[in-house]
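Okay, run27.txt now, which holds compact mmCIF, C-alpha atoms:
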```txt
# COMPACT_ATOMS: atom_id res chain seq x y z
CA MET A 1 -4.51 -13.10 28.21
CA ARG A 2 -0.84 -13.98 28.65
CA GLU A 3 -0.45 -14.27 24.92
CA PHE A 4 -2.17 -10.89 24.46
CA ILE A 5 0.22 -9.20 26.88
CA GLN A 6 3.20 -10.84 25.17
CA LYS A 7 2.02 -9.55 21.83
CA LEU A 8 1.51 -6.06 23.24
CA GLU A 9 4.97 -6.05 24.79
CA ALA A 10 6.49 -7.22 21.53
CA GLU A 11 4.92 -4.26 19.73
CA PHE A 12 5.60 -1.60 22.38
CA GLU A 13 9.34 -1.25 21.87
CA ASP A 14 9.66 1.49 24.48
CA ILE A 15 7.91 -0.32 27.35
CA PRO A 16 10.08 -2.78 29.36
CA LYS A 17 9.03 -6.44 29.04
CA GLY A 18 7.27 -8.01 32.02
CA THR A 19 5.80 -4.74 33.31
CA LEU A 20 2.25 -5.16 31.96
CA THR A 21 -0.45 -7.06 33.91
CA PRO A 22 -4.22 -7.31 33.27
CA SER A 23 -4.88 -4.66 35.93
CA THR A 24 -2.28 -2.20 34.62
CA LYS A 25 -3.99 1.11 33.98
CA LEU A 26 -3.08 2.51 30.59
CA LYS A 27 -2.56 6.01 31.94
CA ASP A 28 -0.03 4.64 34.46
CA ILE A 29 2.18 3.15 31.74
CA GLU A 30 5.18 5.44 31.35
CA GLY A 31 5.13 7.14 27.97
CA TRP A 32 1.66 5.80 27.05
CA GLY A 33 0.23 7.90 24.25
CA SER A 34 -1.98 7.94 21.19
CA MET A 35 0.70 6.02 19.30
CA HIS A 36 0.22 3.03 21.62
CA ALA A 37 -3.55 3.13 21.08
CA LEU A 38 -2.89 2.98 17.35
CA ILE A 39 -0.59 -0.01 17.81
CA VAL A 40 -3.38 -1.78 19.75
CA LEU A 41 -5.80 -1.04 16.91
CA ALA A 42 -3.33 -2.45 14.36
CA LEU A 43 -2.64 -5.52 16.54
CA ALA A 44 -6.36 -6.25 17.01
CA ASP A 45 -6.78 -6.18 13.25
CA THR A 46 -3.79 -8.27 12.18
CA GLU A 47 -3.68 -10.78 15.08
CA TYR A 48 -7.37 -11.09 16.05
CA ASN A 49 -9.11 -9.98 12.85
CA VAL A 50 -11.10 -7.45 14.83
CA ALA A 51 -11.70 -3.88 13.62
CA LEU A 52 -11.72 -1.52 16.61
CA LYS A 53 -12.92 2.06 16.45
CA GLY A 54 -10.93 4.93 17.93
CA GLU A 55 -13.79 5.86 20.27
CA GLU A 56 -14.01 2.28 21.61
CA LEU A 57 -10.30 2.34 22.36
CA LYS A 58 -10.60 5.64 24.21
CA LYS A 59 -13.04 4.03 26.69
CA ALA A 60 -10.58 1.30 27.71
CA GLU A 61 -8.79 2.10 30.97
CA SER A 62 -6.76 -1.04 31.60
CA ILE A 63 -5.05 -3.90 29.75
CA GLN A 64 -7.99 -6.09 30.84
CA ASP A 65 -10.42 -3.63 29.20
CA LEU A 66 -8.49 -3.85 25.94
CA PHE A 67 -8.50 -7.65 26.09
CA ASP A 68 -12.23 -7.75 26.88
CA LEU A 69 -13.00 -5.30 24.10
CA ILE A 70 -11.25 -7.48 21.53
CA GLN A 71 -12.87 -10.70 22.86
CA GLN A 72 -16.30 -9.08 22.87
CA LYS A 73 -15.90 -7.85 19.29
CA LYS A 74 -14.61 -11.22 18.19
CA ALA A 75 -17.62 -12.99 19.74
CA SER A 76 -20.13 -10.66 18.12
CA LYS A 77 -18.78 -11.26 14.59
CA MET B 1 -3.56 0.49 -28.22
CA GLY B 2 -4.09 2.26 -24.95
CA ALA B 3 -2.74 4.51 -22.19
CA SER B 4 0.73 4.27 -20.68
CA ILE B 5 2.90 6.05 -18.16
CA LYS B 6 5.95 7.09 -20.17
CA ALA B 7 8.08 9.13 -17.77
CA ILE B 8 8.18 10.48 -14.22
CA SER B 9 10.20 13.32 -12.70
CA CYS B 10 10.20 14.33 -9.04
CA TYR B 11 11.08 17.54 -7.25
CA LEU B 12 11.60 18.06 -3.53
CA PRO B 13 11.92 21.49 -1.89
CA GLU B 14 15.49 22.37 -0.84
CA LYS B 15 14.83 22.76 2.87
CA ILE B 16 15.25 19.49 4.79
CA LEU B 17 13.67 19.23 8.23
CA ASP B 18 15.42 16.47 10.15
CA ASN B 19 14.64 15.02 13.58
CA ASP B 20 17.39 17.03 15.31
CA GLU B 21 15.73 20.25 14.18
CA LEU B 22 12.27 18.98 15.18
CA SER B 23 13.64 17.96 18.55
CA LYS B 24 14.80 21.57 19.11
CA ILE B 25 11.25 22.78 18.38
CA PHE B 26 9.69 20.05 20.59
CA PRO B 27 12.30 19.49 23.34
CA GLU B 28 10.13 16.84 25.03
CA TYR B 29 10.86 14.54 22.06
CA SER B 30 14.42 13.43 21.29
CA SER B 31 15.49 12.72 17.68
CA GLU B 32 15.50 9.00 18.52
CA ILE B 33 11.94 9.10 19.88
CA ILE B 34 10.74 11.05 16.83
CA PHE B 35 12.21 8.38 14.57
CA LYS B 36 10.85 5.55 16.73
CA ARG B 37 7.36 7.02 16.68
CA SER B 38 7.23 8.13 13.04
CA GLY B 39 9.73 5.95 11.20
CA ILE B 40 10.83 9.13 9.43
CA LEU B 41 14.34 10.59 9.43
CA GLU B 42 13.77 13.70 7.35
CA ARG B 43 11.18 15.59 5.30
CA HIS B 44 11.47 18.30 2.66
CA VAL B 45 9.56 21.48 3.45
CA ALA B 46 8.55 24.23 1.02
CA ALA B 47 9.83 27.76 1.67
CA PRO B 48 7.39 30.20 3.36
CA ASN B 49 6.27 31.70 0.06
CA GLU B 50 6.45 28.50 -1.95
CA ILE B 51 3.16 26.78 -2.86
CA PRO B 52 2.41 23.82 -5.18
CA PHE B 53 2.17 26.20 -8.15
CA ASP B 54 5.85 27.16 -7.67
CA LEU B 55 6.95 23.55 -7.16
CA ALA B 56 4.98 22.53 -10.27
CA ILE B 57 6.94 25.00 -12.44
CA LYS B 58 10.27 23.66 -11.15
CA THR B 59 9.12 20.05 -11.51
CA ALA B 60 7.86 20.53 -15.07
CA GLU B 61 11.09 22.27 -16.12
CA LYS B 62 13.05 19.35 -14.62
CA PHE B 63 10.76 16.93 -16.44
CA PHE B 64 11.34 18.58 -19.85
CA SER B 65 15.11 18.57 -19.29
CA GLU B 66 15.18 14.92 -18.14
CA HIS B 67 12.98 13.35 -20.80
CA ASN B 68 12.75 13.50 -24.56
CA ILE B 69 9.24 14.94 -24.47
CA ALA B 70 8.70 18.34 -26.08
CA ARG B 71 6.48 20.89 -24.38
CA LYS B 72 4.81 21.71 -27.71
CA ASP B 73 3.50 18.11 -27.85
CA ILE B 74 1.69 18.21 -24.49
CA ASP B 75 -2.04 18.34 -25.31
CA PHE B 76 -3.58 18.18 -21.82
CA LEU B 77 -2.43 19.34 -18.39
CA ILE B 78 -3.74 17.97 -15.09
CA PHE B 79 -2.68 19.75 -11.90
CA CYS B 80 -3.43 17.68 -8.79
CA SER B 81 -3.02 19.43 -5.45
CA LEU B 82 -5.07 20.58 -2.46
CA ILE B 83 -3.52 24.06 -2.63
CA ARG B 84 -4.20 25.95 -5.81
CA GLU B 85 -2.59 29.24 -6.77
CA ARG B 86 -5.92 30.94 -6.08
CA GLN B 87 -9.65 30.18 -6.23
CA ALA B 88 -9.74 31.11 -9.92
CA PRO B 89 -8.43 30.93 -12.60
CA THR B 90 -7.48 27.29 -12.32
CA THR B 91 -3.82 26.71 -11.49
CA ALA B 92 -3.55 24.42 -14.52
CA CYS B 93 -4.50 27.37 -16.74
CA LEU B 94 -1.84 29.58 -15.12
CA LEU B 95 0.70 26.76 -15.49
CA GLN B 96 -0.06 26.43 -19.22
CA ASN B 97 1.20 29.98 -19.64
CA LYS B 98 4.14 29.75 -17.20
CA LEU B 99 5.39 26.55 -18.81
CA GLY B 100 4.98 27.83 -22.36
CA LEU B 101 2.61 25.03 -23.34
CA SER B 102 0.37 25.30 -26.38
CA THR B 103 -2.86 27.28 -25.91
CA ASN B 104 -4.70 24.54 -27.83
CA ILE B 105 -4.76 22.21 -24.83
CA GLY B 106 -7.12 21.20 -22.06
CA ALA B 107 -6.02 22.13 -18.54
CA ILE B 108 -7.80 21.31 -15.27
CA ASP B 109 -7.20 21.14 -11.54
CA VAL B 110 -7.85 18.02 -9.50
CA PRO B 111 -8.07 19.26 -5.90
CA MET B 112 -7.35 15.94 -4.17
CA GLY B 113 -4.90 14.66 -1.61
CA CYS B 114 -3.51 11.17 -1.00
CA SER B 115 -5.71 9.42 -3.59
CA GLY B 116 -5.26 12.21 -6.17
CA TYR B 117 -2.52 10.57 -8.24
CA ILE B 118 -4.68 7.52 -8.94
CA TYR B 119 -7.64 9.76 -9.90
CA SER B 120 -5.39 11.81 -12.19
CA LEU B 121 -4.22 8.61 -13.92
CA ALA B 122 -7.84 7.44 -14.28
CA LEU B 123 -8.75 10.79 -15.80
CA ALA B 124 -5.74 10.72 -18.16
CA LYS B 125 -6.64 7.21 -19.31
CA SER B 126 -10.24 8.28 -19.99
CA LEU B 127 -9.06 11.31 -21.98
CA ILE B 128 -7.01 8.97 -24.15
CA TYR B 129 -9.87 6.48 -24.55
CA GLY B 130 -12.24 9.34 -25.38
CA GLY B 131 -9.94 10.48 -28.18
CA ILE B 132 -9.57 13.85 -26.45
CA ALA B 133 -5.83 13.83 -25.75
CA LYS B 134 -2.73 11.76 -26.57
CA ASN B 135 0.06 13.33 -24.55
CA ILE B 136 -0.98 14.31 -21.04
CA LEU B 137 1.17 15.87 -18.35
CA ILE B 138 0.10 15.26 -14.74
CA LEU B 139 1.64 17.54 -12.10
CA ALA B 140 0.78 16.00 -8.73
CA GLY B 141 1.99 16.92 -5.27
CA ASP B 142 1.48 19.32 -2.42
CA THR B 143 2.84 21.59 0.24
CA THR B 144 0.77 19.97 3.01
CA THR B 145 3.06 21.57 5.61
CA LYS B 146 1.14 24.83 4.98
CA PHE B 147 -1.87 23.20 6.71
CA LEU B 148 0.07 22.18 9.83
CA HIS B 149 -0.41 24.00 13.10
CA PRO B 150 3.08 24.94 14.37
CA GLU B 151 2.42 23.09 17.64
CA ASP B 152 0.97 19.93 16.08
CA HIS B 153 4.00 17.70 16.67
CA THR B 154 2.33 14.50 15.42
CA LEU B 155 1.64 15.90 11.96
CA ARG B 156 4.89 17.84 11.79
CA PHE B 157 6.78 14.57 12.40
CA LEU B 158 4.81 12.90 9.60
CA ILE B 159 4.28 15.37 6.76
CA GLY B 160 6.63 16.47 3.96
CA ASP B 161 6.25 18.43 0.72
CA GLY B 162 6.97 17.32 -2.84
CA MET B 163 5.86 17.55 -6.45
CA THR B 164 5.95 15.15 -9.39
CA ALA B 165 5.44 15.19 -13.15
CA THR B 166 4.08 12.15 -15.01
CA SER B 167 3.63 11.74 -18.74
CA VAL B 168 0.67 9.61 -19.81
CA GLN B 169 0.55 8.89 -23.54
CA TYR B 170 -1.45 7.06 -26.16
CA THR B 171 0.71 4.03 -26.97
CA SER B 172 0.59 0.81 -28.96
CA GLU B 173 0.89 -1.27 -25.79
CA GLU B 174 -0.96 -0.29 -22.65
CA ASN B 175 0.65 -0.15 -19.18
CA ILE B 176 -2.16 1.41 -17.12
CA ASN B 177 -4.71 -1.33 -16.41
CA SER B 178 -8.12 -1.40 -14.62
CA PHE B 179 -9.08 0.95 -11.82
CA VAL B 180 -10.98 0.52 -8.57
CA LEU B 181 -12.14 3.83 -7.07
CA GLY B 182 -14.13 4.66 -3.96
CA ASN B 183 -15.32 7.55 -1.82
CA ASP B 184 -17.07 7.90 1.53
CA GLY B 185 -17.84 11.47 2.52
CA ALA B 186 -19.33 10.23 5.80
CA GLY B 187 -15.73 9.94 7.02
CA ALA B 188 -14.83 13.53 6.08
CA GLU B 189 -14.32 14.68 9.67
CA SER B 190 -11.56 12.08 10.24
CA LEU B 191 -9.19 13.97 7.96
CA ILE B 192 -10.14 17.52 7.10
CA ILE B 193 -8.84 21.04 6.51
CA LYS B 194 -10.58 23.16 9.14
CA GLY B 195 -10.92 26.90 8.65
CA SER B 196 -11.00 26.57 4.86
CA ASN B 197 -14.77 26.95 4.49
CA PRO B 198 -16.02 30.56 4.46
CA ARG B 199 -19.34 29.42 6.02
CA GLU B 200 -17.64 28.06 9.13
CA THR B 201 -18.51 30.21 12.13
CA ILE B 202 -15.42 32.05 13.21
CA THR B 203 -15.04 31.94 16.96
CA PRO B 204 -12.30 34.05 18.58
CA GLU B 205 -10.19 30.92 19.09
CA LYS B 206 -10.62 29.81 15.49
CA ASP B 207 -10.01 33.36 14.31
CA ILE B 208 -6.53 33.29 15.81
CA GLU B 209 -5.82 29.97 14.12
CA THR B 210 -7.19 30.89 10.73
CA THR B 211 -5.48 34.27 10.72
CA ALA B 212 -2.17 32.57 11.34
CA MET B 213 -3.02 29.73 8.94
CA PRO B 214 -4.36 31.21 5.69
CA TYR B 215 -4.80 27.79 4.07
CA GLY B 216 -6.66 26.29 7.05
CA LYS B 217 -5.59 23.67 9.52
CA LEU B 218 -5.26 19.95 8.86
CA ILE B 219 -6.95 17.79 11.48
CA MET B 220 -6.37 14.06 11.51
CA ASP B 221 -7.95 11.44 13.75
CA ASN B 222 -5.16 8.88 13.60
CA ALA B 223 -7.26 5.96 14.85
CA ASP B 224 -10.08 6.61 12.35
CA VAL B 225 -7.63 6.94 9.48
CA LEU B 226 -5.83 3.73 10.44
CA SER B 227 -9.16 1.82 10.69
CA PHE B 228 -10.20 3.25 7.33
CA ALA B 229 -6.97 2.18 5.62
CA LEU B 230 -7.12 -1.32 7.12
CA LYS B 231 -10.69 -1.69 5.91
CA VAL B 232 -10.60 -0.28 2.37
CA VAL B 233 -7.11 -1.05 1.07
CA PRO B 234 -7.26 -4.88 1.26
CA GLN B 235 -10.81 -4.86 -0.20
CA MET B 236 -9.80 -2.52 -3.01
CA VAL B 237 -6.72 -4.57 -3.93
CA ASN B 238 -8.74 -7.81 -3.95
CA GLU B 239 -11.33 -6.26 -6.20
CA LEU B 240 -8.62 -4.97 -8.52
CA LEU B 241 -6.93 -8.39 -8.76
CA GLN B 242 -10.29 -10.02 -9.54
CA LYS B 243 -10.94 -7.48 -12.27
CA GLU B 244 -7.59 -8.30 -13.87
CA HIS B 245 -7.85 -12.08 -13.20
CA LEU B 246 -4.66 -11.98 -11.19
CA ALA B 247 -3.59 -13.40 -7.82
CA MET B 248 -1.41 -11.76 -5.16
CA LYS B 249 1.53 -13.95 -6.31
CA ASP B 250 1.33 -12.46 -9.83
CA ILE B 251 2.16 -9.00 -8.48
CA ASP B 252 5.85 -8.08 -8.44
CA LEU B 253 5.61 -4.98 -6.26
CA PHE B 254 3.05 -3.19 -4.10
CA ILE B 255 3.39 0.58 -3.93
CA PHE B 256 0.91 2.11 -1.52
CA HIS B 257 0.48 5.75 -0.60
CA GLN B 258 3.17 6.37 2.01
CA ALA B 259 0.65 7.35 4.71
CA SER B 260 2.70 6.48 7.81
CA ARG B 261 5.03 3.70 8.85
CA LEU B 262 2.37 2.13 11.09
CA VAL B 263 -0.29 2.15 8.35
CA LEU B 264 2.16 0.60 5.86
CA GLU B 265 3.54 -2.04 8.24
CA THR B 266 0.05 -3.07 9.36
CA LEU B 267 -1.27 -3.31 5.78
CA CYS B 268 1.76 -5.37 4.74
CA LYS B 269 1.16 -7.78 7.63
CA LYS B 270 -2.61 -7.94 7.20
CA MET B 271 -2.37 -8.59 3.45
CA ASN B 272 0.46 -11.15 3.85
CA ILE B 273 2.72 -9.31 1.44
CA ALA B 274 6.38 -10.37 1.49
CA GLU B 275 8.63 -7.48 2.55
CA GLU B 276 10.64 -7.63 -0.69
CA LYS B 277 7.43 -7.03 -2.62
CA PHE B 278 6.37 -4.08 -0.48
CA PHE B 279 7.93 -0.70 -1.21
CA VAL B 280 8.53 1.79 1.60
CA ASN B 281 10.47 5.05 1.22
CA ILE B 282 8.72 7.18 3.83
CA GLN B 283 11.88 7.43 5.99
CA HIS B 284 13.45 10.15 3.81
CA LEU B 285 10.32 12.01 2.66
CA GLY B 286 7.48 11.71 5.14
CA ASN B 287 3.95 11.69 3.77
CA THR B 288 3.94 13.90 0.66
CA SER B 289 0.22 13.46 -0.18
CA SER B 290 -0.47 12.91 -3.90
CA ALA B 291 3.29 12.84 -4.62
CA THR B 292 4.11 9.68 -2.63
CA ILE B 293 3.13 7.13 -5.31
CA PRO B 294 4.95 8.65 -8.32
CA ILE B 295 8.04 9.33 -6.15
CA ALA B 296 7.93 5.71 -4.94
CA ILE B 297 7.62 4.37 -8.51
CA ALA B 298 10.65 6.44 -9.55
CA ASP B 299 12.60 5.37 -6.44
CA ALA B 300 11.71 1.69 -6.94
CA ILE B 301 13.07 1.83 -10.50
CA THR B 302 16.27 3.62 -9.38
CA ALA B 303 16.77 1.12 -6.54
CA GLU B 304 16.19 -1.75 -9.01
CA ARG B 305 13.26 -2.98 -6.95
CA ALA B 306 11.15 -2.73 -10.11
CA LYS B 307 12.17 -3.69 -13.65
CA LYS B 308 10.65 -3.76 -17.12
CA GLY B 309 7.64 -6.06 -17.35
CA ASP B 310 6.89 -5.98 -13.60
CA LYS B 311 3.28 -5.74 -12.51
CA ILE B 312 2.90 -3.11 -9.81
CA VAL B 313 -0.20 -2.47 -7.73
CA ILE B 314 -0.43 1.22 -6.82
CA ALA B 315 -3.01 2.35 -4.27
CA GLY B 316 -3.89 5.77 -2.88
CA PHE B 317 -6.17 6.46 0.10
CA GLY B 318 -6.83 9.40 2.38
CA ILE B 319 -8.64 12.70 2.67
CA GLY B 320 -12.26 12.46 1.48
CA LEU B 321 -12.34 9.81 2.57
CA SER B 322 -11.32 8.70 -0.88
CA TRP B 323 -9.40 5.77 -2.33
CA GLY B 324 -8.30 4.33 -5.64
CA SER B 325 -5.91 1.82 -7.16
CA THR B 326 -4.69 0.42 -10.44
CA ILE B 327 -2.06 -1.98 -11.76
CA ILE B 328 0.74 -0.65 -13.92
CA THR B 329 3.04 -2.81 -16.02
CA LEU B 330 6.50 -1.31 -16.25
```

Take the structure I supplied and represent it as structure tokens, if you would.
Amino acid sequence: MREFIQKLEAEFEDIPKGTLTPSTKLKDIEGWGSMHALIVLALADTEYNVALKGEELKKAESIQDLFDLIQQKKASK
Amino acid sequence: MGASIKAISCYLPEKILDNDELSKIFPEYSSEIIFKRSGILERHVAAPNEIPFDLAIKTAEKFFSEHNIARKDIDFLIFCSLIRERQAPTTACLLQNKLGLSTNIGAIDVPMGCSGYIYSLALAKSLIYGGIAKNILILAGDTTTKFLHPEDHTLRFLIGDGMTATSVQYTSEENINSFVLGNDGAGAESLIIKGSNPRETITPEKDIETTAMPYGKLIMDNADVLSFALKVVPQMVNELLQKEHLAMKDIDLFIFHQASRLVLETLCKKMNIAEEKFFVNIQHLGNTSSATIPIAIADAITAERAKKGDKIVIAGFGIGLSWGSTIITL
């Protein structure tokens, strides 16, 4: 999880480092938008070899949800 | 003997839309944020009355002045664009007359977007192999900005207009190699021109949009399109390399359709392509649909990123959903 957050923070140039926690709600992140969802999709593919769908991403509400979604997809491969 | 690309010319509309101007239209986004989000500094935008037909005339005239290829020798014309001059006659037929080409030629439209250049090359190669033509002119590009809703900031940050001319000829040595092509109409809704089908029910809301947007409105589901690109492009390139008995290390340069910075960066990372072998010029053009690949080939040669003898993988992917790639040897 820590590694996942570090990777997210490395990709999200406009979000200050150290502000994301597992319980952070995506809608509470300042400036969170569709661009960030796309970055998560790209990150899941290149770092975890998991192909996420846009609709799956839309259901995620928190950082934990994103992490779980990727883990779940990885396990079901 | 075979088919080869002999020359390329590019034309960009005069009007440049930079991030400062976009920021004035969308005050909630600063120039810096627009660049950060899109990776694009400026795009060329066609004039209100300018459509691909007009750009194609200018591009072809530029082509004939830049290269030692006579218009009387052109024996087939392919016009590749989503916007045609009208439903009929074909724009290629109208261009034959406007450009003063011989009447003894074949001329067809290829109404395709981001994968259209690859399909036009595949078609040109088949015409040569079929003994039908020896000196083909491909005019490929678009004015995609005509499809953009004025308030759609995401697409207005991304899209630019442009047109290109490519000569494909019958030559003693071949430089256009194998092709891999694919289509999946099940993904059509991910990237589509709404309001361009006369059977679509016109609701009052849609009526307002279609009245203001005579060519229809481009809708893009960014997440779907990104997933699509990440899935098909690596597969397609692998298949192409297998067909040609080549490995990734044998390729000197990868030129992909300049879809968006994020799509390009993610593909480069996923496919483990070294940055110096991966060509990106989207920052000064935006996504110019079927024009991105020929413009990038021309830019790579000018920037000395590609030289004679180099093997270049070119790959187009987008609206359809449709994709295609080939390897060219400079």

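Taking atom CA of B:Thr266 and atom CA of A:Ala42 as endpoints, the distance between them is 6.1 Å.
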
I need the residue nearest chain A from this list: B:Lys72, B:Arg37, B:Lys311, B:His153. Use only C-alpha atoms for the distance.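 Counting only C-alpha atoms, the residue closest to chain A is B:Arg37.
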
Neighbour list for A:Gln72 as an NGL selection string, cut-off 12 Å, all atoms listed in the file, skip fewer than 5 positions in-chain: :A and (44 or 48 or 50-52 or 56 or 64-67 or 77)

Looking at A:Lys73, A:Lys27, A:His36, A:Arg2, which one is nearest to chain B, with distances taken over only C-alpha atoms? A:His36

Among A:Ile70, A:Met35, A:Ala75, A:Ala60, A:Glu13 is approached most closely, using only C-alpha atoms, by A:Met35

All residues 7 Å or closer to stretch 53-68 of chain B, all atoms listed in the file, same chain fewer than 4 positions away omitted, as an NGL selection string: :B and (9-11 or 84-85 or 91 or 99 or 139 or 163-165)

With the cut-off set at 10 Å and counting all atoms listed in the file, tabulate each residue of chain A with an atom at most that distance from an atom of chain B, showing the nearest atom pair and its distance in Å to one decimal, ordered by chain and increasing number, as CSV.
```
residue,atom,partner,partner_atom,distance
A:Glu13,CA,B:Lys36,CA,8.7
A:Asp14,CA,B:Lys36,CA,8.8
A:Ser34,CA,B:Asn222,CA,8.3
A:Met35,CA,B:Arg37,CA,7.2
A:His36,CA,B:Arg37,CA,9.6
A:Ala37,CA,B:Ala223,CA,7.8
A:Leu38,CA,B:Ala223,CA,5.9
A:Ile39,CA,B:Leu262,CA,7.6
A:Val40,CA,B:Ala223,CA,9.9
A:Leu41,CA,B:Ala223,CA,7.4
A:Ala42,CA,B:Thr266,CA,6.1
A:Leu43,CA,B:Thr266,CA,8.0
A:Asp45,CA,B:Lys270,CA,7.6
A:Thr46,CA,B:Lys270,CA,5.1
A:Glu47,CA,B:Lys270,CA,8.4
A:Asn49,CA,B:Lys270,CA,8.9
A:Ala51,CA,B:Ser227,CA,6.9
A:Leu52,CA,B:Ser227,CA,7.3
A:Lys53,CA,B:Asp224,CA,6.8
A:Gly54,CA,B:Ala223,CA,4.9
A:Glu55,CA,B:Ala223,CA,8.5
A:Leu57,CA,B:Ala223,CA,8.9
A:Lys58,CA,B:Ala223,CA,9.9
```

Test item: which residues lie within 12 Å of (-6.9, -10.8, 37.8) counting only C-alpha atoms, as an NGL selection string: :A and (1-2 or 21-24 or 62-65)

As JSON: centre and edge lengths in Å, one decimal, of the axis-aligned box holding stretch 1-18 of chain B with 8 Å per side:
```
{"center_x": 5.7, "center_y": 11.6, "center_z": -9.0, "size_x": 35.6, "size_y": 38.3, "size_z": 54.4}
```

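The interatomic distance for the pair atom CA of B:Ser23 and atom CA of B:Leu264 works out to 24.4 Å.
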
Mind pulling up the distance from atom CA of B:Gly39 to atom CA of B:Ala300?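 These atoms are spaced 18.7 Å apart.
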
Please write as an mmCIF file with C-alpha atoms, in the coordinates of the input the list of polymer residues whose atoms come within 8 Å of (-15.0, 9.0, 3.6), counting only C-alpha atoms and keeping to the coordinates of the file.
```
data_model
loop_
_atom_site.group_PDB
_atom_site.id
_atom_site.type_symbol
_atom_site.label_atom_id
_atom_site.label_comp_id
_atom_site.auth_asym_id
_atom_site.auth_seq_id
_atom_site.Cartn_x
_atom_site.Cartn_y
_atom_site.Cartn_z
ATOM 1 C CA ASN B 183 -15.320 7.550 -1.820
ATOM 2 C CA ASP B 184 -17.070 7.900 1.530
ATOM 3 C CA GLY B 185 -17.840 11.470 2.520
ATOM 4 C CA ALA B 186 -19.330 10.230 5.800
ATOM 5 C CA GLY B 187 -15.730 9.940 7.020
ATOM 6 C CA ALA B 188 -14.830 13.530 6.080
ATOM 7 C CA ILE B 319 -8.640 12.700 2.670
ATOM 8 C CA GLY B 320 -12.260 12.460 1.480
ATOM 9 C CA LEU B 321 -12.340 9.810 2.570
ATOM 10 C CA SER B 322 -11.320 8.700 -0.880
#
```

Near-B:Ala296 list (9 Å; all atoms listed in the file; drop same-chain fewer than 5 positions) as a list in words: Ile255, Phe256, His257, Gln258, Phe279, Val280, Asn281, Ile282, Ala291 and Ile301 of chain B

Report as a ChimeraX atom specification all protein, DNA and RNA residues lying within 9 Å of B:Thr145, evaluated on all atoms listed in the file, omitting residues in the same chain fewer than 4 positions from it. /B:45-46,149,155-156,159-161

Which residues are close to B:Glu14, i.e. within 7 Å by only C-alpha atoms, leaving aside same-chain residues fewer than 2 positions away? Reply as a ChimeraX atom specification. /B:12,16,44

Write to file, as a PDB file, keeping the file's coordinate frame, the residues of the selection just made, with C-alpha atoms.
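File produced: selection24.pdb:
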```pdb
ATOM      1  CA  LEU B  12      11.600  18.060  -3.530  1.00  0.00           C
ATOM      2  CA  ILE B  16      15.250  19.490   4.790  1.00  0.00           C
ATOM      3  CA  HIS B  44      11.470  18.300   2.660  1.00  0.00           C
TER       4      HIS B  44
END
```

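Closest to B:Pro13 among B:Met1, B:Ile176, B:Leu121, B:Ala47 is B:Ala47, based on all atoms listed in the file.
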